[in-house]
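Structure first, commentary second.
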Amino acid sequence: MYNTLVGVDISIAKSFLEKGELVAIPTETVYGLAANGLDSTAVLKIYAAKDRPQFNPLILHVANLEQLKELVISMPDACEKLIAAFSPGPITFLLPKSEVVPDLVTAGSSHVAIRIPDHPLTLALLSALKFPLAAPSANPSGYVSPVNSDHVLQGLSGKISYVLEGGPCRVGLESTIVGFHADEVVVHRLGGITIEQIERATGLVVSLALSHASPTAPGQLKSHYATAKPFLMGDVEQLIADQVSKKVGIISFKQSYLSLHPKLEFILSPSGNLDEAAAKLFASMREMDAADVEVILAERFPDQGIGKAINDRLERAAFNEKTTSRI
Ligand code: TXA
Ligand code: MG
């Protein structure tokens, strides 16, 4: 057990990381659980603290293009364009790894996932370090990602040395993960940068590889981002009809369902702004999970821009429920 400290001191974070210890770091997407990405012993602590299977690889975080280039053996033009357009920002690149990257980080893959996060504290920390930070989301494996330091402590207090306090995460959904194939950009996980933005910046066709059965990005396993309580997604009016005797919590985009008498309702953006809804999504899922409701219902969001990533997370949260009801 560790006495987990919380603070804004980059030099404390730096010294724990240099000793091979775990530090939670703020990013614009979600909080990350960081360790020295070139030190397998430190990286093993991440898997242990999260109870994460070792076949699920980790993203390396760097401060700039120069640091990134030290970790890869090549980079396609399309990647350079995306970095110029969106980094620092919520996008992760799958690139052929150099031999300095431990196999434990990539789960044996020849490709490493790398991104430049957009948070001033974490960028300053990464600039001061001589190594990249391996960092998955700072939550116990399978649970909803943390978008503030309280969420981190709820899941990992006592298991890590320090939480670098950087306030609430601006984007609130994880980074978009992209790989490159000949003249194509392949999106492996929907996230903070939209398909439309990637198409505009590269002029290339974007294809999706979100296969759930045999995931190329194992975090694409369907039962992910799950609340402890039953979570159902779809037409709220229909769903609530099956839950007559239950205390229901509803998560919606801009519409109120108070006429259906839920116990609790969270409207993520009354003005209909998908970015605002994305930023509030994970906190609202966690709050519903802790509230006095028995089942959580969520609307399908508009399937455009970051709405696609919101629907992806809701579908994964709802997946356990669907399998159970099918059996
Ligand atoms: O926004 C984010 O990306 C956050 C912040 C902390 O940076 N990180 C994050 O990490 O979401 P994590 O571990 O929760 O999700 C990373 C995803 C997983 O689905 C993992 O399987 C995939 O990236 N991944 C990592 N390295 C990979 C690799 N070498 N090849 C394929 N998929 C990889
Ligand atoms: Mg995660």
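Ligands are numbered from 1 in the order shown, residues from 1 within each chain, and chains are lettered A, B, ... in the order they appear in the structure tokens.
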Can you check which residues of range 254-327 of chain A DSSP gives as strand (DSSP E or B) on the backbone and send them as a ChimeraX atom specification?
/A:264-267,295-298
Could you turn the residues from that selection into a file that holds N, CA and C atoms, as a tab-separated table (two decimals), in the first residue's frame?
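Output file part_0.tsv is given in full below:
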```tsv
chain	number	residue	atom	x	y	z
A	264	LEU	N	-33.80	9.72	-11.49
A	264	LEU	CA	-32.76	10.73	-11.69
A	264	LEU	C	-32.52	10.90	-13.20
A	265	GLU	N	-32.22	12.12	-13.60
A	265	GLU	CA	-31.95	12.35	-15.02
A	265	GLU	C	-30.76	13.29	-15.17
A	266	PHE	N	-29.83	12.95	-16.07
A	266	PHE	CA	-28.74	13.86	-16.42
A	266	PHE	C	-28.86	14.21	-17.90
A	267	ILE	N	-29.07	15.49	-18.18
A	267	ILE	CA	-29.10	15.96	-19.57
A	267	ILE	C	-27.71	16.53	-19.84
A	295	VAL	N	-31.08	0.90	-12.28
A	295	VAL	CA	-30.71	0.64	-13.67
A	295	VAL	C	-30.47	1.98	-14.37
A	296	ILE	N	-29.48	1.99	-15.27
A	296	ILE	CA	-29.14	3.23	-15.98
A	296	ILE	C	-29.53	3.08	-17.45
A	297	LEU	N	-30.29	4.04	-17.95
A	297	LEU	CA	-30.68	4.03	-19.37
A	297	LEU	C	-30.01	5.22	-20.06
A	298	ALA	N	-29.51	4.97	-21.27
A	298	ALA	CA	-28.91	6.08	-22.02
A	298	ALA	C	-29.47	6.12	-23.43
```
Within 9 Å of ligand 2, counting only C-alpha atoms and all ligand atoms, which protein or nucleic acid residues do you find, written as number ranges by chain?
A: 30, 32, 136-145, 174, 219, 224-225
Take the residues from that selection and write them out as an mmCIF file, in the first residue's frame, keeping N, CA and C atoms.
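Below is the file selection30.cif, written as the result:
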```cif
data_model
loop_
_atom_site.group_PDB
_atom_site.id
_atom_site.type_symbol
_atom_site.label_atom_id
_atom_site.label_comp_id
_atom_site.auth_asym_id
_atom_site.auth_seq_id
_atom_site.Cartn_x
_atom_site.Cartn_y
_atom_site.Cartn_z
ATOM 1 N N VAL A 30 -8.512 11.895 -20.620
ATOM 2 C CA VAL A 30 -8.838 11.297 -19.322
ATOM 3 C C VAL A 30 -7.522 11.278 -18.532
ATOM 4 N N GLY A 32 -4.318 9.608 -16.899
ATOM 5 C CA GLY A 32 -3.535 8.422 -17.209
ATOM 6 C C GLY A 32 -2.812 7.908 -15.974
ATOM 7 N N PRO A 136 -2.029 3.983 -19.428
ATOM 8 C CA PRO A 136 -3.421 3.688 -19.758
ATOM 9 C C PRO A 136 -4.311 4.618 -18.941
ATOM 10 N N SER A 137 -5.609 4.584 -19.170
ATOM 11 C CA SER A 137 -6.508 5.378 -18.339
ATOM 12 C C SER A 137 -6.369 4.916 -16.881
ATOM 13 N N ALA A 138 -6.488 5.877 -15.955
ATOM 14 C CA ALA A 138 -6.187 5.603 -14.543
ATOM 15 C C ALA A 138 -7.410 5.074 -13.794
ATOM 16 N N ASN A 139 -7.903 3.924 -14.268
ATOM 17 C CA ASN A 139 -9.053 3.282 -13.626
ATOM 18 C C ASN A 139 -8.774 1.783 -13.525
ATOM 19 N N PRO A 140 -9.407 1.105 -12.555
ATOM 20 C CA PRO A 140 -9.302 -0.353 -12.568
ATOM 21 C C PRO A 140 -9.787 -0.871 -13.918
ATOM 22 N N SER A 141 -9.104 -1.871 -14.450
ATOM 23 C CA SER A 141 -9.398 -2.383 -15.795
ATOM 24 C C SER A 141 -10.899 -2.654 -15.968
ATOM 25 N N GLY A 142 -11.442 -2.126 -17.080
ATOM 26 C CA GLY A 142 -12.851 -2.413 -17.392
ATOM 27 C C GLY A 142 -13.826 -1.359 -16.907
ATOM 28 N N TYR A 143 -13.446 -0.551 -15.893
ATOM 29 C CA TYR A 143 -14.389 0.452 -15.371
ATOM 30 C C TYR A 143 -14.320 1.744 -16.203
ATOM 31 N N VAL A 144 -15.250 2.644 -15.916
ATOM 32 C CA VAL A 144 -15.342 3.922 -16.627
ATOM 33 C C VAL A 144 -14.071 4.757 -16.381
ATOM 34 N N SER A 145 -13.534 5.377 -17.429
ATOM 35 C CA SER A 145 -12.296 6.164 -17.306
ATOM 36 C C SER A 145 -12.496 7.395 -16.412
ATOM 37 N N GLU A 174 -11.414 9.266 -24.456
ATOM 38 C CA GLU A 174 -10.041 8.921 -24.790
ATOM 39 C C GLU A 174 -9.687 9.343 -26.215
ATOM 40 N N GLY A 219 -8.189 -3.113 -26.138
ATOM 41 C CA GLY A 219 -9.147 -2.322 -25.347
ATOM 42 C C GLY A 219 -10.471 -2.180 -26.058
ATOM 43 N N HIS A 224 -16.438 -2.938 -21.732
ATOM 44 C CA HIS A 224 -15.444 -1.964 -21.339
ATOM 45 C C HIS A 224 -16.211 -0.732 -20.901
ATOM 46 N N TYR A 225 -15.577 0.127 -20.156
ATOM 47 C CA TYR A 225 -16.249 1.353 -19.731
ATOM 48 C C TYR A 225 -17.536 1.023 -18.990
#
```
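Considering only C-alpha atoms and all ligand atoms, the residue among A:Tyr2, A:Phe86, A:Phe16, A:Phe93 positioned nearest to ligand 1 is A:Phe93.
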Ranking A:Val100, A:Val112, A:Val178, A:Ile198 by minimum distance to Ala84 in chain A and counting only C-alpha atoms, which one comes first?
A:Ile198
For chain A against ligand 1, with a cut-off of 8 Å and counting only C-alpha atoms and all ligand atoms, what is the closest atom pair and its distance in Å to one decimal for every residue that makes the cut, ordered by chain and number, as CSV?
```
residue,atom,partner,partner_atom_place_in_ligand_line,distance
A:Ile25,CA,ligand 1,6 (C),7.7
A:Pro26,CA,ligand 1,6 (C),7.7
A:Thr27,CA,ligand 1,5 (C),6.4
A:Glu28,CA,ligand 1,1 (O),7.6
A:Thr29,CA,ligand 1,1 (O),4.8
A:Val30,CA,ligand 1,6 (C),5.4
A:Tyr31,CA,ligand 1,6 (C),5.2
A:Gly32,CA,ligand 1,6 (C),3.5
A:Leu33,CA,ligand 1,6 (C),6.8
A:Asn56,CA,ligand 1,21 (O),4.8
A:Pro57,CA,ligand 1,26 (N),4.2
A:Leu58,CA,ligand 1,25 (C),4.2
A:Ile59,CA,ligand 1,25 (C),4.7
A:Leu60,CA,ligand 1,26 (N),7.9
A:His61,CA,ligand 1,7 (O),7.0
A:Pro90,CA,ligand 1,1 (O),6.0
A:Ile91,CA,ligand 1,3 (O),7.2
A:Thr92,CA,ligand 1,3 (O),6.6
A:Leu94,CA,ligand 1,29 (N),6.3
A:Leu95,CA,ligand 1,29 (N),8.0
A:Val105,CA,ligand 1,26 (N),7.2
A:Thr106,CA,ligand 1,29 (N),4.3
A:Ala107,CA,ligand 1,29 (N),6.9
A:Ser109,CA,ligand 1,29 (N),5.8
A:Ser110,CA,ligand 1,29 (N),7.3
A:His111,CA,ligand 1,29 (N),4.8
A:Val112,CA,ligand 1,29 (N),3.9
A:Ala113,CA,ligand 1,26 (N),4.5
A:Ile114,CA,ligand 1,26 (N),7.8
A:Arg115,CA,ligand 1,7 (O),7.2
A:Pro117,CA,ligand 1,7 (O),6.6
A:Ala135,CA,ligand 1,6 (C),5.5
A:Pro136,CA,ligand 1,13 (O),3.3
A:Ser137,CA,ligand 1,14 (O),4.1
A:Ala138,CA,ligand 1,6 (C),7.0
A:Ser145,CA,ligand 1,14 (O),7.5
A:Leu173,CA,ligand 1,1 (O),6.7
A:Glu174,CA,ligand 1,1 (O),3.4
A:Ser175,CA,ligand 1,1 (O),3.7
A:Thr176,CA,ligand 1,3 (O),7.0
A:Ile177,CA,ligand 1,23 (O),6.8
A:His188,CA,ligand 1,32 (N),7.6
A:Arg189,CA,ligand 1,19 (O),7.3
A:Gly191,CA,ligand 1,1 (O),7.7
A:Gly192,CA,ligand 1,1 (O),7.9
A:Thr216,CA,ligand 1,31 (C),5.6
A:Ala217,CA,ligand 1,32 (N),3.6
A:Pro218,CA,ligand 1,21 (O),3.9
A:Gly219,CA,ligand 1,19 (O),2.9
A:Gln220,CA,ligand 1,19 (O),5.3
A:Leu221,CA,ligand 1,19 (O),7.9
```
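You will find CA of Ile240 in chain A at 11.8 Å from CA of Leu258 in chain A.
A straight line drawn from CA of His261 in chain A to CA of Asp289 in chain A is 18.4 Å long.
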When you look at Ala201 in chain A with a cut-off of 8 Å (counting only C-alpha atoms), what residues show up, excluding the ones that are within fewer than 3 positions of it in the same chain? I need them as a compact mmCIF listing (two decimals) with C-alpha atoms, in the first residue's frame.
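Final output, saved to selection_21.txt:
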```txt
# COMPACT_ATOMS: atom_id res chain seq x y z
CA LYS A 81 0.17 15.72 -41.38
CA LEU A 82 -1.94 14.51 -38.49
CA ALA A 85 -2.83 19.32 -37.42
CA GLN A 197 -11.23 15.96 -39.05
CA ILE A 198 -8.79 13.20 -40.05
```
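Counting only C-alpha atoms, the residue from A:Ile306, A:Val293, A:Val206, A:Leu268 that sits nearest to Thr194 in chain A is A:Ile306.
Here CA of Asn273 in chain A stands at a distance of 18.2 Å from CA of Tyr257 in chain A.
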Got a sec: who's within 12 Å of Ala128 in chain A, counting only C-alpha atoms, leaving out chain neighbours fewer than 2 positions off, as a VMD selection string?
chain A and resid 10 to 15 17 to 18 62 to 64 67 121 to 126 130 to 133
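The residue set within 10 Å of Ser40 in chain A, counting only C-alpha atoms and dropping same-chain residues fewer than 6 places from it, reads Gly20, Ile46, Val101, Pro102, Asp103, Leu104 and Val105 of chain A.
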